[in-house]
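Report on one structure; see the data block that follows.
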Amino acid sequence: MASHWLVKSEPDTYSYADLERDGRTVWDGVRNFAAASHLKSMKIGDQVFFYHSQEGKDVVAIAQVAREAFPDASDPTGKFVAVELTPVRKLAKSVTLADMKANPALADMAMLRQGRLSVSPVSAADWATILKMAGE
């Protein structure tokens with residue numbers, strides 16, 4: 001069974017529109033060991049919420065894992081990994097951080113408990129809740 005994830009990116013650095021334009025991207029530069037562990041757990045076909053951090057602070061789209069963990073070329077130490085993502089679709093409407101925090105059903109969501117992580121797992125229940133909040 002596929003897993004679900006959430007990745008964060010500052011939209012002025014790399015937005016979902018950039019992923020749509022590129023068609024595929026290497027998700028690299030993750031230097032937190034917990035977040036890197038999540039990258040290592042991703043499997044081809046896993047669905048990924050694309051979250052715009054800093055500006056917007058909202059889940060805006062769904063991407064998909066297209067290549068499982070491989071050495072991150074941007075890491076000179078060789079300790080960290082990257083994955084490749086492809087776009088799936090924009091959400092009908094974005095789901096803001098404030099709305100997620102206000103929803104009691106998401107109280108245990110990893111991203112809300114460990115807000116600094118750039119990659120985090122999303123339970124099936126949380127995935128369904130966010131899709132519902134997005135009007136899907």
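Residues in the structure tokens are named by chain (A, B, ... in the order shown) and by number from 1 within that chain; ligands are numbered from 1 in the order shown.
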Quiz prompt | 10 Å contact set for range 52-67 of chain A, only C-alpha atoms, chain neighbours under 2 positions out, as a PyMOL selection string | solution = chain A and resi 4-17+19-20+24-27+39+42-50+69-70+82-100+118+130-131+134
Self-check item: Members of chain A assigned strand (DSSP E or B) by DSSP, as JSON, numbers by chain
Solution: {"A": [4, 5, 6, 7, 8, 9, 25, 26, 27, 47, 48, 49, 50, 51, 52, 58, 59, 60, 61, 62, 63, 64, 65, 66, 67, 68, 69, 70, 71, 81, 82, 83, 84, 85, 86, 87, 88, 89, 90, 91, 92, 93, 94, 95, 96, 119, 120, 121, 122]}
Store the residues picked out above, limited to N, CA and C atoms, as a tab-separated table (two decimals), in the first residue's frame.
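Below is the file selection11.tsv, written as the result:
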chain	number	residue	atom	x	y	z
A	4	HIS	N	1.77	8.20	2.17
A	4	HIS	CA	1.55	9.61	1.85
A	4	HIS	C	2.56	10.45	2.61
A	5	TRP	N	2.93	11.57	2.01
A	5	TRP	CA	3.97	12.44	2.55
A	5	TRP	C	3.59	13.90	2.35
A	6	LEU	N	4.34	14.76	2.98
A	6	LEU	CA	4.24	16.20	2.75
A	6	LEU	C	5.65	16.74	2.63
A	7	VAL	N	5.89	17.53	1.58
A	7	VAL	CA	7.17	18.22	1.41
A	7	VAL	C	6.90	19.71	1.41
A	8	LYS	N	7.85	20.45	1.97
A	8	LYS	CA	7.73	21.91	2.04
A	8	LYS	C	8.77	22.55	1.13
A	9	SER	N	8.35	23.63	0.49
A	9	SER	CA	9.28	24.43	-0.30
A	9	SER	C	8.83	25.88	-0.27
A	25	THR	N	11.48	16.79	-10.80
A	25	THR	CA	12.55	17.48	-10.09
A	25	THR	C	13.23	16.55	-9.10
A	26	VAL	N	14.49	16.84	-8.83
A	26	VAL	CA	15.22	16.17	-7.77
A	26	VAL	C	14.93	16.94	-6.48
A	27	TRP	N	14.41	16.23	-5.48
A	27	TRP	CA	14.12	16.85	-4.18
A	27	TRP	C	15.34	16.62	-3.30
A	47	GLN	N	2.13	9.24	-2.94
A	47	GLN	CA	1.59	10.58	-3.17
A	47	GLN	C	2.15	11.54	-2.12
A	48	VAL	N	2.36	12.79	-2.56
A	48	VAL	CA	3.04	13.79	-1.73
A	48	VAL	C	2.29	15.11	-1.80
A	49	PHE	N	1.87	15.63	-0.66
A	49	PHE	CA	1.34	16.98	-0.63
A	49	PHE	C	2.49	17.96	-0.82
A	50	PHE	N	2.28	18.95	-1.66
A	50	PHE	CA	3.27	20.00	-1.92
A	50	PHE	C	2.82	21.23	-1.14
A	51	TYR	N	3.62	21.61	-0.15
A	51	TYR	CA	3.28	22.70	0.77
A	51	TYR	C	4.19	23.89	0.49
A	52	HIS	N	3.58	25.05	0.30
A	52	HIS	CA	4.35	26.29	0.14
A	52	HIS	C	4.59	26.88	1.52
A	58	ASP	N	0.57	26.98	2.82
A	58	ASP	CA	-0.58	26.16	2.48
A	58	ASP	C	-0.20	24.97	1.59
A	59	VAL	N	-1.00	23.92	1.72
A	59	VAL	CA	-0.89	22.77	0.83
A	59	VAL	C	-1.58	23.18	-0.46
A	60	VAL	N	-0.83	23.12	-1.56
A	60	VAL	CA	-1.36	23.63	-2.83
A	60	VAL	C	-1.58	22.57	-3.89
A	61	ALA	N	-0.92	21.40	-3.73
A	61	ALA	CA	-0.96	20.43	-4.82
A	61	ALA	C	-0.54	19.05	-4.34
A	62	ILE	N	-0.62	18.10	-5.28
A	62	ILE	CA	-0.15	16.75	-5.05
A	62	ILE	C	0.93	16.43	-6.08
A	63	ALA	N	2.01	15.86	-5.58
A	63	ALA	CA	3.08	15.35	-6.44
A	63	ALA	C	3.18	13.85	-6.19
A	64	GLN	N	4.08	13.20	-6.91
A	64	GLN	CA	4.26	11.76	-6.77
A	64	GLN	C	5.74	11.42	-6.80
A	65	VAL	N	6.11	10.42	-6.02
A	65	VAL	CA	7.50	9.96	-6.02
A	65	VAL	C	7.75	9.18	-7.32
A	66	ALA	N	8.75	9.63	-8.08
A	66	ALA	CA	9.08	9.01	-9.35
A	66	ALA	C	10.39	8.22	-9.29
A	67	ARG	N	11.22	8.52	-8.30
A	67	ARG	CA	12.48	7.80	-8.11
A	67	ARG	C	12.77	7.76	-6.62
A	68	GLU	N	13.07	6.58	-6.13
A	68	GLU	CA	13.35	6.41	-4.71
A	68	GLU	C	14.72	6.95	-4.35
A	69	ALA	N	14.99	7.00	-3.07
A	69	ALA	CA	16.19	7.63	-2.51
A	69	ALA	C	17.47	7.21	-3.23
A	70	PHE	N	18.29	8.23	-3.50
A	70	PHE	CA	19.60	8.05	-4.09
A	70	PHE	C	20.50	9.12	-3.49
A	71	PRO	N	21.83	8.98	-3.61
A	71	PRO	CA	22.72	9.96	-2.98
A	71	PRO	C	22.45	11.39	-3.47
A	81	VAL	N	20.25	11.90	1.23
A	81	VAL	CA	19.67	11.39	0.00
A	81	VAL	C	18.71	12.39	-0.62
A	82	ALA	N	18.32	12.11	-1.85
A	82	ALA	CA	17.31	12.88	-2.56
A	82	ALA	C	16.32	11.88	-3.17
A	83	VAL	N	15.18	12.38	-3.60
A	83	VAL	CA	14.22	11.59	-4.38
A	83	VAL	C	13.84	12.44	-5.59
A	84	GLU	N	13.14	11.85	-6.53
A	84	GLU	CA	12.60	12.63	-7.64
A	84	GLU	C	11.09	12.65	-7.52
A	85	LEU	N	10.52	13.82	-7.78
A	85	LEU	CA	9.08	14.02	-7.74
A	85	LEU	C	8.57	14.47	-9.10
A	86	THR	N	7.34	14.08	-9.42
A	86	THR	CA	6.64	14.57	-10.60
A	86	THR	C	5.33	15.18	-10.15
A	87	PRO	N	4.79	16.13	-10.92
A	87	PRO	CA	3.52	16.74	-10.55
A	87	PRO	C	2.35	15.80	-10.82
A	88	VAL	N	1.32	15.90	-9.99
A	88	VAL	CA	0.07	15.17	-10.23
A	88	VAL	C	-1.02	16.19	-10.57
A	89	ARG	N	-1.34	17.08	-9.60
A	89	ARG	CA	-2.35	18.10	-9.87
A	89	ARG	C	-2.39	19.13	-8.74
A	90	LYS	N	-2.85	20.31	-9.10
A	90	LYS	CA	-3.14	21.32	-8.07
A	90	LYS	C	-4.42	20.91	-7.37
A	91	LEU	N	-4.52	21.27	-6.10
A	91	LEU	CA	-5.76	21.03	-5.37
A	91	LEU	C	-6.83	22.00	-5.82
A	92	ALA	N	-8.08	21.59	-5.66
A	92	ALA	CA	-9.21	22.46	-6.04
A	92	ALA	C	-9.08	23.81	-5.33
A	93	LYS	N	-8.70	23.78	-4.07
A	93	LYS	CA	-8.37	25.00	-3.33
A	93	LYS	C	-7.28	24.64	-2.33
A	94	SER	N	-6.39	25.59	-2.08
A	94	SER	CA	-5.30	25.31	-1.15
A	94	SER	C	-5.84	25.22	0.28
A	95	VAL	N	-5.08	24.53	1.12
A	95	VAL	CA	-5.45	24.34	2.52
A	95	VAL	C	-4.37	25.01	3.36
A	96	THR	N	-4.77	26.05	4.07
A	96	THR	CA	-3.79	26.84	4.82
A	96	THR	C	-3.36	26.16	6.11
A	119	VAL	N	10.15	17.43	5.35
A	119	VAL	CA	9.54	16.23	4.79
A	119	VAL	C	8.93	15.46	5.95
A	120	SER	N	7.65	15.12	5.83
A	120	SER	CA	7.00	14.39	6.93
A	120	SER	C	5.95	13.43	6.38
A	121	PRO	N	5.68	12.37	7.13
A	121	PRO	CA	4.64	11.43	6.71
A	121	PRO	C	3.26	12.02	6.95
A	122	VAL	N	2.29	11.54	6.19
A	122	VAL	CA	0.89	11.94	6.36
A	122	VAL	C	0.07	10.65	6.44
Practice problem: Skip Ala107 in chain A itself and residues of its chain fewer than 5 positions away, then list as a PyMOL selection string all residues within 12 Å of it, counting only C-alpha atoms. | Solution: chain A and resi 99-102+112-114+123+125-126+129
Exercise. Assign secondary structure with DSSP using the backbone only, and return the residues of chain A in alpha helix (DSSP H) as JSON, numbers by chain.
Key: {"A": [16, 17, 18, 19, 20, 21, 22, 33, 34, 35, 36, 37, 38, 39, 40, 41, 97, 98, 99, 100, 101, 102, 110, 111, 112, 113, 124, 125, 126, 127, 128, 129, 130, 131, 132, 133]}
Quiz item: Could you work out how far CA of Ala34 in chain A lies from CA of Asp72 in chain A, giving the answer in Å with one decimal?
Solution: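 Interatomic distance, CA of Asp72 in chain A to CA of Ala34 in chain A: 15.4 Å.
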